[in-house]
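Visitor: Sending over my_file-v6.cif (mmCIF, C-alpha atoms).
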```cif
data_data
loop_
_atom_site.group_PDB
_atom_site.id
_atom_site.type_symbol
_atom_site.label_atom_id
_atom_site.label_comp_id
_atom_site.auth_asym_id
_atom_site.auth_seq_id
_atom_site.Cartn_x
_atom_site.Cartn_y
_atom_site.Cartn_z
ATOM 1 C CA MET A 1 0.000 0.000 0.000
ATOM 2 C CA GLY A 2 1.416 3.404 -0.967
ATOM 3 C CA VAL A 3 1.987 6.224 1.434
ATOM 4 C CA THR A 4 -0.517 9.049 1.096
ATOM 5 C CA VAL A 5 1.044 12.194 -0.311
ATOM 6 C CA HIS A 6 -0.218 15.514 0.966
ATOM 7 C CA TRP A 7 0.371 18.427 -1.367
ATOM 8 C CA ARG A 8 0.095 22.182 -1.524
ATOM 9 C CA SER A 9 -0.683 24.043 -4.731
ATOM 10 C CA ALA A 10 -1.050 27.513 -6.152
ATOM 11 C CA VAL A 11 -2.306 28.971 -9.427
ATOM 12 C CA GLY A 12 -0.898 31.854 -11.401
ATOM 13 C CA THR A 13 -2.291 33.333 -14.631
ATOM 14 C CA ASP A 14 -1.780 36.562 -16.576
ATOM 15 C CA PRO A 15 -2.906 37.846 -19.988
ATOM 16 C CA GLY A 16 0.680 38.848 -20.804
ATOM 17 C CA LEU A 17 1.953 42.075 -22.291
ATOM 18 C CA VAL A 18 0.523 41.767 -25.816
ATOM 19 C CA ARG A 19 -2.958 40.274 -25.665
ATOM 20 C CA GLU A 20 -5.903 42.104 -24.155
ATOM 21 C CA SER A 21 -7.834 39.034 -23.013
ATOM 22 C CA ASN A 22 -6.787 35.912 -21.153
ATOM 23 C CA GLU A 23 -7.960 32.678 -22.819
ATOM 24 C CA ASP A 24 -6.192 30.474 -20.253
ATOM 25 C CA ARG A 25 -8.042 28.821 -17.404
ATOM 26 C CA CYS A 26 -6.676 26.860 -14.429
ATOM 27 C CA LEU A 27 -7.947 24.544 -11.740
ATOM 28 C CA ALA A 28 -6.252 23.499 -8.505
ATOM 29 C CA ASP A 29 -8.346 21.427 -6.102
ATOM 30 C CA ASP A 30 -6.057 20.164 -3.327
ATOM 31 C CA GLU A 31 -8.837 18.300 -1.544
ATOM 32 C CA ARG A 32 -9.778 16.230 -4.602
ATOM 33 C CA GLY A 33 -6.289 16.183 -6.096
ATOM 34 C CA ILE A 34 -7.357 17.726 -9.425
ATOM 35 C CA PHE A 35 -4.981 20.106 -11.207
ATOM 36 C CA MET A 36 -5.410 21.482 -14.717
ATOM 37 C CA VAL A 37 -4.183 24.124 -17.152
ATOM 38 C CA VAL A 38 -6.321 24.907 -20.213
ATOM 39 C CA ASP A 39 -5.277 27.160 -23.107
ATOM 40 C CA GLY A 40 -8.229 28.352 -25.182
ATOM 41 C CA ILE A 41 -8.106 28.611 -28.976
ATOM 42 C CA GLY A 42 -10.456 30.617 -31.163
ATOM 43 C CA GLY A 43 -10.340 34.314 -30.398
ATOM 44 C CA HIS A 44 -13.343 36.659 -30.261
ATOM 45 C CA ALA A 45 -14.150 35.236 -26.797
ATOM 46 C CA GLY A 46 -14.354 31.721 -28.241
ATOM 47 C CA GLY A 47 -11.081 30.625 -26.653
ATOM 48 C CA GLU A 48 -12.187 31.825 -23.234
ATOM 49 C CA ILE A 49 -15.535 30.015 -23.568
ATOM 50 C CA ALA A 50 -13.860 26.779 -24.662
ATOM 51 C CA ALA A 51 -11.425 26.908 -21.726
ATOM 52 C CA GLU A 52 -14.194 27.587 -19.211
ATOM 53 C CA LEU A 53 -16.347 24.775 -20.611
ATOM 54 C CA ALA A 54 -13.391 22.378 -20.378
ATOM 55 C CA VAL A 55 -12.696 23.196 -16.741
ATOM 56 C CA ASP A 56 -16.330 22.989 -15.659
ATOM 57 C CA THR A 57 -17.084 19.798 -17.610
ATOM 58 C CA ILE A 58 -13.960 17.927 -16.483
ATOM 59 C CA ARG A 59 -14.438 18.871 -12.840
ATOM 60 C CA LEU A 60 -18.000 17.554 -12.833
ATOM 61 C CA SER A 61 -17.210 14.459 -14.896
ATOM 62 C CA LEU A 62 -14.395 13.340 -12.591
ATOM 63 C CA GLY A 63 -16.758 13.498 -9.656
ATOM 64 C CA ASN A 64 -19.530 11.536 -11.330
ATOM 65 C CA SER A 65 -17.723 8.927 -13.443
ATOM 66 C CA ARG A 66 -16.651 5.444 -12.398
ATOM 67 C CA GLY A 67 -13.746 3.181 -13.247
ATOM 68 C CA SER A 68 -10.012 3.517 -12.863
ATOM 69 C CA ALA A 69 -8.400 6.930 -12.618
ATOM 70 C CA ALA A 70 -7.079 6.626 -16.175
ATOM 71 C CA GLN A 71 -10.549 5.718 -17.470
ATOM 72 C CA ARG A 72 -12.119 8.655 -15.636
ATOM 73 C CA VAL A 73 -9.511 11.087 -16.964
ATOM 74 C CA ARG A 74 -10.042 9.924 -20.533
ATOM 75 C CA ALA A 75 -13.836 10.026 -20.228
ATOM 76 C CA ALA A 76 -13.761 13.532 -18.733
ATOM 77 C CA ILE A 77 -11.637 14.949 -21.553
ATOM 78 C CA VAL A 78 -13.780 13.298 -24.239
ATOM 79 C CA GLU A 79 -16.907 14.716 -22.614
ATOM 80 C CA ALA A 80 -15.371 18.202 -22.497
ATOM 81 C CA ASN A 81 -14.441 17.889 -26.173
ATOM 82 C CA ASN A 82 -18.012 17.126 -27.203
ATOM 83 C CA VAL A 83 -19.522 19.819 -24.981
ATOM 84 C CA ILE A 84 -17.263 22.439 -26.583
ATOM 85 C CA HIS A 85 -18.017 21.196 -30.097
ATOM 86 C CA LYS A 86 -21.789 21.315 -29.529
ATOM 87 C CA ALA A 87 -21.555 24.816 -28.056
ATOM 88 C CA ALA A 88 -19.591 26.032 -31.072
ATOM 89 C CA ASP A 89 -22.172 24.542 -33.445
ATOM 90 C CA ALA A 90 -24.959 26.281 -31.565
ATOM 91 C CA ASN A 91 -23.333 29.722 -31.646
ATOM 92 C CA PRO A 92 -21.850 30.982 -34.949
ATOM 93 C CA SER A 93 -19.596 33.481 -33.142
ATOM 94 C CA TRP A 94 -17.916 30.587 -31.354
ATOM 95 C CA HIS A 95 -17.384 28.504 -34.488
ATOM 96 C CA GLY A 96 -13.978 26.802 -34.478
ATOM 97 C CA MET A 97 -13.291 27.369 -30.809
ATOM 98 C CA SER A 98 -11.313 24.679 -28.984
ATOM 99 C CA CYS A 99 -8.538 24.338 -26.414
ATOM 100 C CA VAL A 100 -5.458 22.374 -25.409
ATOM 101 C CA LEU A 101 -5.046 21.138 -21.875
ATOM 102 C CA THR A 102 -3.036 19.186 -19.360
ATOM 103 C CA LEU A 103 -4.873 17.466 -16.511
ATOM 104 C CA ALA A 104 -3.324 15.746 -13.482
ATOM 105 C CA VAL A 105 -5.316 13.723 -10.971
ATOM 106 C CA ALA A 106 -3.407 12.833 -7.805
ATOM 107 C CA GLU A 107 -4.498 9.834 -5.763
ATOM 108 C CA ASP A 108 -2.342 8.862 -2.789
ATOM 109 C CA ASN A 109 1.157 8.433 -4.223
ATOM 110 C CA ARG A 110 0.137 8.223 -7.895
ATOM 111 C CA VAL A 111 -0.658 10.841 -10.530
ATOM 112 C CA ILE A 112 -2.642 10.156 -13.688
ATOM 113 C CA VAL A 113 -2.025 12.663 -16.473
ATOM 114 C CA GLY A 114 -4.316 13.418 -19.414
ATOM 115 C CA HIS A 115 -2.829 15.666 -22.080
ATOM 116 C CA VAL A 116 -3.877 17.148 -25.443
ATOM 117 C CA GLY A 117 -1.890 19.769 -27.354
ATOM 118 C CA ASP A 118 1.161 21.757 -26.294
ATOM 119 C CA SER A 119 0.562 22.728 -22.691
ATOM 120 C CA ARG A 120 2.974 20.893 -20.417
ATOM 121 C CA LEU A 121 3.553 19.002 -17.202
ATOM 122 C CA TYR A 122 6.994 18.979 -15.571
ATOM 123 C CA LEU A 123 8.213 16.806 -12.713
ATOM 124 C CA ILE A 124 10.777 18.382 -10.384
ATOM 125 C CA TRP A 125 12.620 15.945 -8.155
ATOM 126 C CA ASN A 126 16.094 15.493 -6.717
ATOM 127 C CA GLY A 127 17.372 18.739 -8.195
ATOM 128 C CA ALA A 128 16.273 17.934 -11.770
ATOM 129 C CA ILE A 129 13.361 18.817 -14.043
ATOM 130 C CA ARG A 130 11.721 16.444 -16.512
ATOM 131 C CA LYS A 131 9.009 17.093 -19.087
ATOM 132 C CA LEU A 132 6.423 14.311 -18.845
ATOM 133 C CA THR A 133 4.107 15.356 -21.676
ATOM 134 C CA MET A 134 4.888 15.386 -25.389
ATOM 135 C CA ASP A 135 3.961 18.435 -27.417
ATOM 136 C CA GLN A 136 1.458 17.384 -30.078
ATOM 137 C CA SER A 137 2.742 19.910 -32.574
ATOM 138 C CA PRO A 138 5.135 19.919 -35.554
ATOM 139 C CA VAL A 139 7.768 21.871 -33.650
ATOM 140 C CA GLY A 140 7.232 19.940 -30.416
ATOM 141 C CA GLU A 141 7.711 16.612 -32.164
ATOM 142 C CA GLN A 142 11.033 17.767 -33.618
ATOM 143 C CA GLU A 143 12.183 19.024 -30.227
ATOM 144 C CA ASP A 144 11.219 15.796 -28.494
ATOM 145 C CA ALA A 145 13.033 13.820 -31.212
ATOM 146 C CA GLY A 146 16.183 15.888 -30.776
ATOM 147 C CA ALA A 147 16.008 17.462 -34.246
ATOM 148 C CA LEU A 148 15.606 20.901 -32.642
ATOM 149 C CA THR A 149 17.206 22.250 -29.501
ATOM 150 C CA GLU A 150 15.031 23.843 -26.856
ATOM 151 C CA ALA A 151 16.246 27.303 -27.905
ATOM 152 C CA GLU A 152 15.530 26.615 -31.585
ATOM 153 C CA ALA A 153 12.042 25.329 -30.798
ATOM 154 C CA MET A 154 11.281 28.381 -28.664
ATOM 155 C CA ARG A 155 12.150 30.686 -31.596
ATOM 156 C CA HIS A 156 10.459 28.620 -34.336
ATOM 157 C CA PRO A 157 7.756 30.500 -36.324
ATOM 158 C CA ARG A 158 5.398 27.487 -36.232
ATOM 159 C CA ARG A 159 5.708 27.087 -32.469
ATOM 160 C CA ASN A 160 1.991 27.701 -31.818
ATOM 161 C CA GLU A 161 0.622 25.123 -34.259
ATOM 162 C CA VAL A 162 -0.861 21.893 -32.838
ATOM 163 C CA PHE A 163 -1.953 18.628 -34.405
ATOM 164 C CA VAL A 164 -4.859 17.940 -32.047
ATOM 165 C CA ASP A 165 -7.108 19.897 -29.716
ATOM 166 C CA VAL A 166 -10.171 19.546 -27.531
ATOM 167 C CA GLY A 167 -13.407 20.650 -29.203
ATOM 168 C CA SER A 168 -12.808 21.226 -32.915
ATOM 169 C CA GLN A 169 -14.483 17.922 -33.892
ATOM 170 C CA PRO A 170 -16.687 15.320 -32.161
ATOM 171 C CA ARG A 171 -14.888 12.453 -30.438
ATOM 172 C CA GLN A 172 -15.677 8.935 -29.306
ATOM 173 C CA PRO A 173 -14.458 7.447 -25.994
ATOM 174 C CA ASP A 174 -12.000 5.210 -27.830
ATOM 175 C CA ASP A 175 -10.515 7.943 -30.070
ATOM 176 C CA ASP A 176 -6.743 8.033 -29.686
ATOM 177 C CA PHE A 177 -6.099 11.760 -29.290
ATOM 178 C CA ILE A 178 -5.338 11.905 -25.541
ATOM 179 C CA GLN A 179 -1.970 11.139 -23.999
ATOM 180 C CA ILE A 180 -2.512 9.201 -20.785
ATOM 181 C CA ARG A 181 0.367 8.672 -18.386
ATOM 182 C CA GLU A 182 0.633 7.399 -14.824
ATOM 183 C CA LEU A 183 3.558 8.147 -12.517
ATOM 184 C CA GLU A 184 4.620 8.001 -8.907
ATOM 185 C CA PHE A 185 4.298 11.232 -6.956
ATOM 186 C CA LYS A 186 6.951 11.185 -4.249
ATOM 187 C CA PRO A 187 6.461 13.380 -1.166
ATOM 188 C CA ASP A 188 9.745 15.195 -1.935
ATOM 189 C CA ALA A 189 8.769 15.975 -5.544
ATOM 190 C CA ALA A 190 6.804 18.755 -7.202
ATOM 191 C CA LEU A 191 4.654 19.098 -10.328
ATOM 192 C CA LEU A 192 4.296 22.072 -12.634
ATOM 193 C CA LEU A 193 1.504 22.379 -15.190
ATOM 194 C CA CYS A 194 1.788 25.323 -17.572
ATOM 195 C CA SER A 195 0.531 26.819 -20.812
ATOM 196 C CA ASP A 196 2.905 27.520 -23.671
ATOM 197 C CA GLY A 197 2.973 31.147 -22.581
ATOM 198 C CA LEU A 198 5.567 30.014 -20.048
ATOM 199 C CA SER A 199 7.424 27.249 -21.910
ATOM 200 C CA ASP A 200 7.794 29.343 -25.097
ATOM 201 C CA LEU A 201 9.672 32.048 -23.193
ATOM 202 C CA VAL A 202 11.285 30.471 -20.137
ATOM 203 C CA THR A 203 13.665 27.528 -20.478
ATOM 204 C CA ALA A 204 13.376 24.370 -18.424
ATOM 205 C CA ALA A 205 16.600 25.271 -16.615
ATOM 206 C CA GLU A 206 15.188 28.681 -15.679
ATOM 207 C CA ILE A 207 11.945 27.069 -14.510
ATOM 208 C CA LEU A 208 13.907 24.654 -12.339
ATOM 209 C CA SER A 209 15.911 27.497 -10.814
ATOM 210 C CA ILE A 210 12.717 29.311 -9.817
ATOM 211 C CA VAL A 211 11.051 26.187 -8.431
ATOM 212 C CA GLU A 212 14.166 25.447 -6.363
ATOM 213 C CA SER A 213 13.440 28.644 -4.410
ATOM 214 C CA TYR A 214 10.294 27.042 -2.944
ATOM 215 C CA ASP A 215 10.237 27.374 0.842
ATOM 216 C CA GLY A 216 6.694 26.328 1.698
ATOM 217 C CA HIS A 217 4.783 29.081 -0.124
ATOM 218 C CA PRO A 218 3.573 27.748 -3.503
ATOM 219 C CA ALA A 219 1.985 31.071 -4.471
ATOM 220 C CA ALA A 220 5.432 32.704 -4.441
ATOM 221 C CA VAL A 221 6.711 30.150 -6.968
ATOM 222 C CA SER A 222 3.690 30.554 -9.245
ATOM 223 C CA GLN A 223 4.061 34.329 -9.250
ATOM 224 C CA ALA A 224 7.811 34.129 -9.854
ATOM 225 C CA LEU A 225 7.196 31.946 -12.921
ATOM 226 C CA ILE A 226 4.607 34.393 -14.261
ATOM 227 C CA ASP A 227 7.022 37.278 -13.689
ATOM 228 C CA ALA A 228 9.779 35.422 -15.572
ATOM 229 C CA ALA A 229 7.515 35.021 -18.611
ATOM 230 C CA LEU A 230 6.592 38.705 -18.511
ATOM 231 C CA VAL A 231 10.227 39.765 -18.257
ATOM 232 C CA ALA A 232 10.976 37.548 -21.275
ATOM 233 C CA GLY A 233 8.397 39.411 -23.356
ATOM 234 C CA GLY A 234 4.970 38.160 -22.257
ATOM 235 C CA ARG A 235 3.881 37.508 -25.841
ATOM 236 C CA ASP A 236 1.034 35.159 -24.842
ATOM 237 C CA ASN A 237 -1.295 34.400 -21.972
ATOM 238 C CA VAL A 238 0.696 32.571 -19.326
ATOM 239 C CA SER A 239 -0.684 30.191 -16.690
ATOM 240 C CA VAL A 240 0.876 27.821 -14.180
ATOM 241 C CA VAL A 241 -0.290 25.408 -11.521
ATOM 242 C CA PHE A 242 2.455 24.508 -9.061
ATOM 243 C CA VAL A 243 1.964 21.452 -6.827
ATOM 244 C CA ALA A 244 4.493 20.687 -4.090
ATOM 245 C CA GLY A 245 4.675 17.376 -2.273
ATOM 246 C CA SER A 246 4.589 17.418 1.528
ATOM 247 C CA GLU A 247 8.369 17.002 1.828
ATOM 248 C CA PHE A 248 9.459 19.061 -1.163
ATOM 249 C CA LEU A 249 11.803 21.941 -0.379
ATOM 250 C CA GLY A 250 13.803 23.924 -2.897
ATOM 251 C CA SER A 251 17.574 23.671 -2.718
ATOM 252 C CA ARG A 252 17.812 27.479 -3.035
ATOM 253 C CA SER A 253 15.140 28.245 -0.449
ATOM 254 C CA THR A 254 15.760 30.246 2.706
ATOM 255 C CA ARG A 255 14.635 27.278 4.793
ATOM 256 C CA MET A 256 17.170 25.011 3.138
ATOM 257 C CA ALA A 257 19.918 27.594 3.682
ATOM 258 C CA ALA A 258 18.961 27.822 7.359
ATOM 259 C CA ALA A 259 18.976 24.023 7.630
ATOM 260 C CA ARG A 260 22.477 23.890 6.136
ATOM 261 C CA GLN A 261 23.625 26.531 8.618
ATOM 262 C CA ARG A 262 22.189 24.581 11.551
ATOM 263 C CA LEU A 263 23.844 21.400 10.312
ATOM 264 C CA SER A 264 27.174 23.181 9.917
ATOM 265 C CA THR A 265 26.908 24.620 13.435
ATOM 266 C CA THR A 266 25.976 21.236 14.889
ATOM 267 C CA ARG A 267 28.955 19.588 13.237
ATOM 268 C CA ALA A 268 31.287 22.316 14.492
ATOM 269 C CA ARG A 269 30.017 21.947 18.054
ATOM 270 C CA GLY A 270 30.252 18.186 17.860
ATOM 271 C CA THR A 271 33.887 18.145 16.713
ATOM 272 C CA VAL A 272 36.149 16.605 19.339
ATOM 273 C CA THR A 273 39.764 17.737 19.497
ATOM 274 C CA ALA A 274 42.118 14.959 20.475
ATOM 275 C CA PRO A 275 43.748 15.801 23.824
ATOM 276 C CA GLN A 276 47.484 16.231 23.881
ATOM 277 C CA SER A 277 49.211 13.229 25.369
ATOM 278 C CA PRO A 278 50.914 13.920 28.699
ATOM 279 C CA LYS A 279 54.687 13.898 28.989
ATOM 280 C CA THR A 280 55.915 10.424 29.698
ATOM 281 C CA PRO A 281 59.336 8.805 30.326
ATOM 282 C CA ARG A 282 59.088 7.348 26.844
ATOM 283 C CA ARG A 283 59.080 10.822 25.325
ATOM 284 C CA PHE A 284 62.156 11.717 27.436
ATOM 285 C CA ALA A 285 63.832 8.557 26.235
ATOM 286 C CA ARG A 286 63.275 9.552 22.597
ATOM 287 C CA ILE A 287 65.106 12.821 23.337
ATOM 288 C CA LEU A 288 67.878 11.594 25.648
ATOM 289 C CA ILE A 289 69.056 8.574 23.651
ATOM 290 C CA PRO A 290 70.191 10.599 20.612
ATOM 291 C CA LEU A 291 71.934 13.070 22.945
ATOM 292 C CA LEU A 292 73.707 10.204 24.654
ATOM 293 C CA PHE A 293 74.981 8.854 21.338
ATOM 294 C CA LEU A 294 76.152 12.351 20.408
ATOM 295 C CA VAL A 295 78.160 12.689 23.632
ATOM 296 C CA ILE A 296 79.696 9.248 23.153
ATOM 297 C CA GLY A 297 80.653 10.196 19.589
ATOM 298 C CA PHE A 298 82.444 13.333 20.763
ATOM 299 C CA ALA A 299 84.231 11.351 23.470
ATOM 300 C CA LEU A 300 85.460 8.744 21.005
ATOM 301 C CA GLY A 301 86.627 11.451 18.656
ATOM 302 C CA TYR A 302 88.736 13.133 21.340
ATOM 303 C CA ALA A 303 90.074 9.774 22.517
ATOM 304 C CA THR A 304 91.123 8.828 18.994
ATOM 305 C CA ALA A 305 92.887 12.116 18.462
ATOM 306 C CA PHE A 306 94.761 11.744 21.770
ATOM 307 C CA LEU A 307 95.758 8.082 21.358
ATOM 308 C CA ALA A 308 96.728 8.135 17.658
ATOM 309 C CA PRO A 309 100.355 9.316 18.248
ATOM 310 C CA LEU A 310 100.863 6.624 20.866
ATOM 311 C CA ILE A 311 99.552 3.973 18.520
ATOM 312 C CA ASN A 312 101.952 5.099 15.800
ATOM 313 C CA VAL A 313 104.891 4.893 18.229
ATOM 314 C CA TYR A 314 104.219 1.499 19.713
ATOM 315 C CA ILE A 315 102.469 -0.134 16.747
ATOM 316 C CA PRO A 316 104.139 1.202 13.614
ATOM 317 C CA TRP A 317 102.162 0.532 10.430
ATOM 318 C CA LYS A 318 101.391 2.163 7.155
ATOM 319 C CA LEU A 319 98.527 1.938 4.721
ATOM 320 C CA PRO A 320 99.402 0.689 1.223
ATOM 321 C CA ALA A 321 99.799 3.352 -1.409
ATOM 322 C CA PRO A 322 96.737 3.964 -3.569
ATOM 323 C CA VAL A 323 96.681 2.309 -6.977
ATOM 324 C CA SER A 324 96.119 4.516 -9.994
ATOM 325 C CA PHE A 325 94.949 3.464 -13.455
ATOM 326 C CA ALA A 326 98.378 4.324 -14.836
ATOM 327 C CA ASP A 327 99.932 1.643 -12.660
ATOM 328 C CA ARG A 328 97.826 -1.116 -14.326
#
```
Could you write out this file's structure as structure tokens?
Guide:
Amino acid sequence: MGVTVHWRSAVGTDPGLVRESNEDRCLADDERGIFMVVDGIGGHAGGEIAAELAVDTIRLSLGNSRGSAAQRVRAAIVEANNVIHKAADANPSWHGMSCVLTLAVAEDNRVIVGHVGDSRLYLIWNGAIRKLTMDQSPVGEQEDAGALTEAEAMRHPRRNEVFVDVGSQPRQPDDDFIQIRELEFKPDAALLLCSDGLSDLVTAAEILSIVESYDGHPAAVSQALIDAALVAGGRDNVSVVFVAGSEFLGSRSTRMAAARQRLSTTRARGTVTAPQSPKTPRRFARILIPLLFLVIGFALGYATAFLAPLINVYIPWKLPAPVSFADR
């Protein structure tokens, strides 16, 4: 049986610096474990309507449907698709409206993801960031395949095109247009759902750096991500849903810095300095013995110098002459 994960979330959304309206919609329901980012498509209020219909329909469907979490996620997105399509057919001014979305349903220590389009879900864990959804777009496919770098994809003129959406055509429950993924949600991990208004302007490395500042206040992270997109140009609506596990703490947070300081102080206080060994006869012996040999050496030297003449008188002897190479 898995350990229940308790999480804290926060939503951030902004129309950006170019567009007048905000066609993004978000949902963060900590109690039910439902988190979603929806990016509306259509303009003339149609995108906003499609995004609102998606959020409302999916929230209700997840509460009323039965089956596994993956089955409920798929059924909810299909239902939202058909609700949007019918609404567009009924109102000519909404014709062609649709949306892309990323939905995450957290249950205990598992997360089931439903994804359509080019919004994204990132997993942040152990100091790294990983994109768990695949962009269903011509540019996104090339980036995921390695044919384009992240920087090249962010600058590509076709960046905003998508292959599939929610609402432009009727769908059946078994239609294969939804990416479904299930993953473990560790207590020391975090999730980030975002629209392309963030990922088109802020790199994954920059996102990770901001998330690593998390110190228990998810709203601060969400706002910092929005601010980063605005500083980078704010060309599109930008929305994020940040979800932190119960034990997640950013490596650059003030709480982590304080914890490191406490640990450093504790280690310093706990360091034991080895006491100096007391003076012992053995230490004196190591000093005196060399001195004794030195004194004896001097005594022998003086004795040799004094006795050498006597030895030459009473025991006459000479050393043989040295042999040179010329003598051979």
Visitor: Need to verify the contact set: Ala87 (chain A), 12 Å, only C-alpha atoms, exclusion of same-chain residues closer than 4 positions in sequence. Can you return it as a PyMOL selection string?
Guide: chain A and resi 46+49-50+52-54+80-83+91-98+167-170
Visitor: Compile the contact shell of Ile58 (chain A) as JSON, numbers by chain: residues with an atom at most 12 Å away, counting only C-alpha atoms, same-chain residues fewer than 2 positions apart removed.
Guide: {"A": [26, 27, 34, 35, 36, 37, 38, 51, 52, 53, 54, 55, 56, 60, 61, 62, 63, 64, 65, 72, 73, 74, 75, 76, 77, 78, 79, 80, 81, 82, 83, 84, 101, 102, 103, 104, 105, 114, 166]}
Visitor: If you measure from CA of Ala106 (chain A) to CA of Ile129 (chain A), what distance in Å do you get, rounded to one decimal?
Guide: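 Separation between CA of Ala106 (chain A) and CA of Ile129 (chain A): 18.9 Å.
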Visitor: What does the structure give for the distance between CA of Arg252 (chain A) and CA of Leu201 (chain A), in Å to one decimal?
Guide: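 CA of Arg252 (chain A) sits 22.2 Å away from CA of Leu201 (chain A).
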Visitor: Report as a PyMOL selection string all protein, DNA and RNA residues lying within 10 Å of Gly234 (chain A), evaluated on all atoms listed in the file, omitting residues in the same chain fewer than 5 positions from it.
Guide: chain A and resi 14-19+197-198+200-201+226-229
Visitor: Please evaluate the PyMOL selection byres ((chain A and resi 214) around 9) against the structure above and give the resulting residues as a list in words.
Guide: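 This file, filtered by the PyMOL selection byres ((chain A and resi 214) around 9), leaves Ile210, Val211, Glu212, Ser213, Asp215, Gly216, His217, Pro218, Ala220, Val221, Ala244, Phe248, Leu249, Gly250, Ser251, Arg252, Ser253, Thr254 and Arg255 of chain A.
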Visitor: Record the distance separating CA of Gly140 (chain A) and CA of Ser209 (chain A), expressed in Å with one decimal.
Guide: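 About the pair CA of Gly140 (chain A) and CA of Ser209 (chain A): they are 22.7 Å apart.
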Visitor: Going by the chain IDs and residue numbers used in this file, which residues fall under the PyMOL selection byres ((chain A and resi 24) around 7)? Write them as a PyMOL selection string.
Guide: chain A and resi 22-23+25-26+38-40+48+51+237+239
Visitor: Residues near region 178-191 of chain A, anyone? I mean within 8 Å using only C-alpha atoms, not counting same-chain ones fewer than 3 positions away, as a ChimeraX atom specification.
Guide: /A:5-7,70,74,106,109-116,121-126,133,175,242-249
Visitor: Compare A:Ser9, A:His44, A:Gln71, A:Ala28 by their minimum atom-to-atom distance to Asp174 (chain A), counting all atoms listed in the file, and give me the closest one.
Guide: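 Checking each candidate against Asp174 (chain A), we get A:Gln71 as the closest.
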Visitor: Which residues, named as in the file, does the PyMOL selection byres ((chain A and resi 204) around 9) pick out? Answer as number ranges by chain.
Guide: A: 122, 129-131, 150, 199, 202-203, 205-209
Visitor: Please determine, counting all atoms listed in the file, which residue among A:Asp108, A:Val241, A:Ala145, A:Ala151 has the shortest atom-to-atom distance to Leu193 (chain A).
Guide: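 For Leu193 (chain A), the nearest of the given residues is A:Val241.
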Visitor: Name all residues at most 7 Å from Val164 (chain A) (count all atoms listed in the file; drop same-chain ones fewer than 5 positions away) and give them as a PyMOL selection string.
Guide: chain A and resi 116-117+136+177
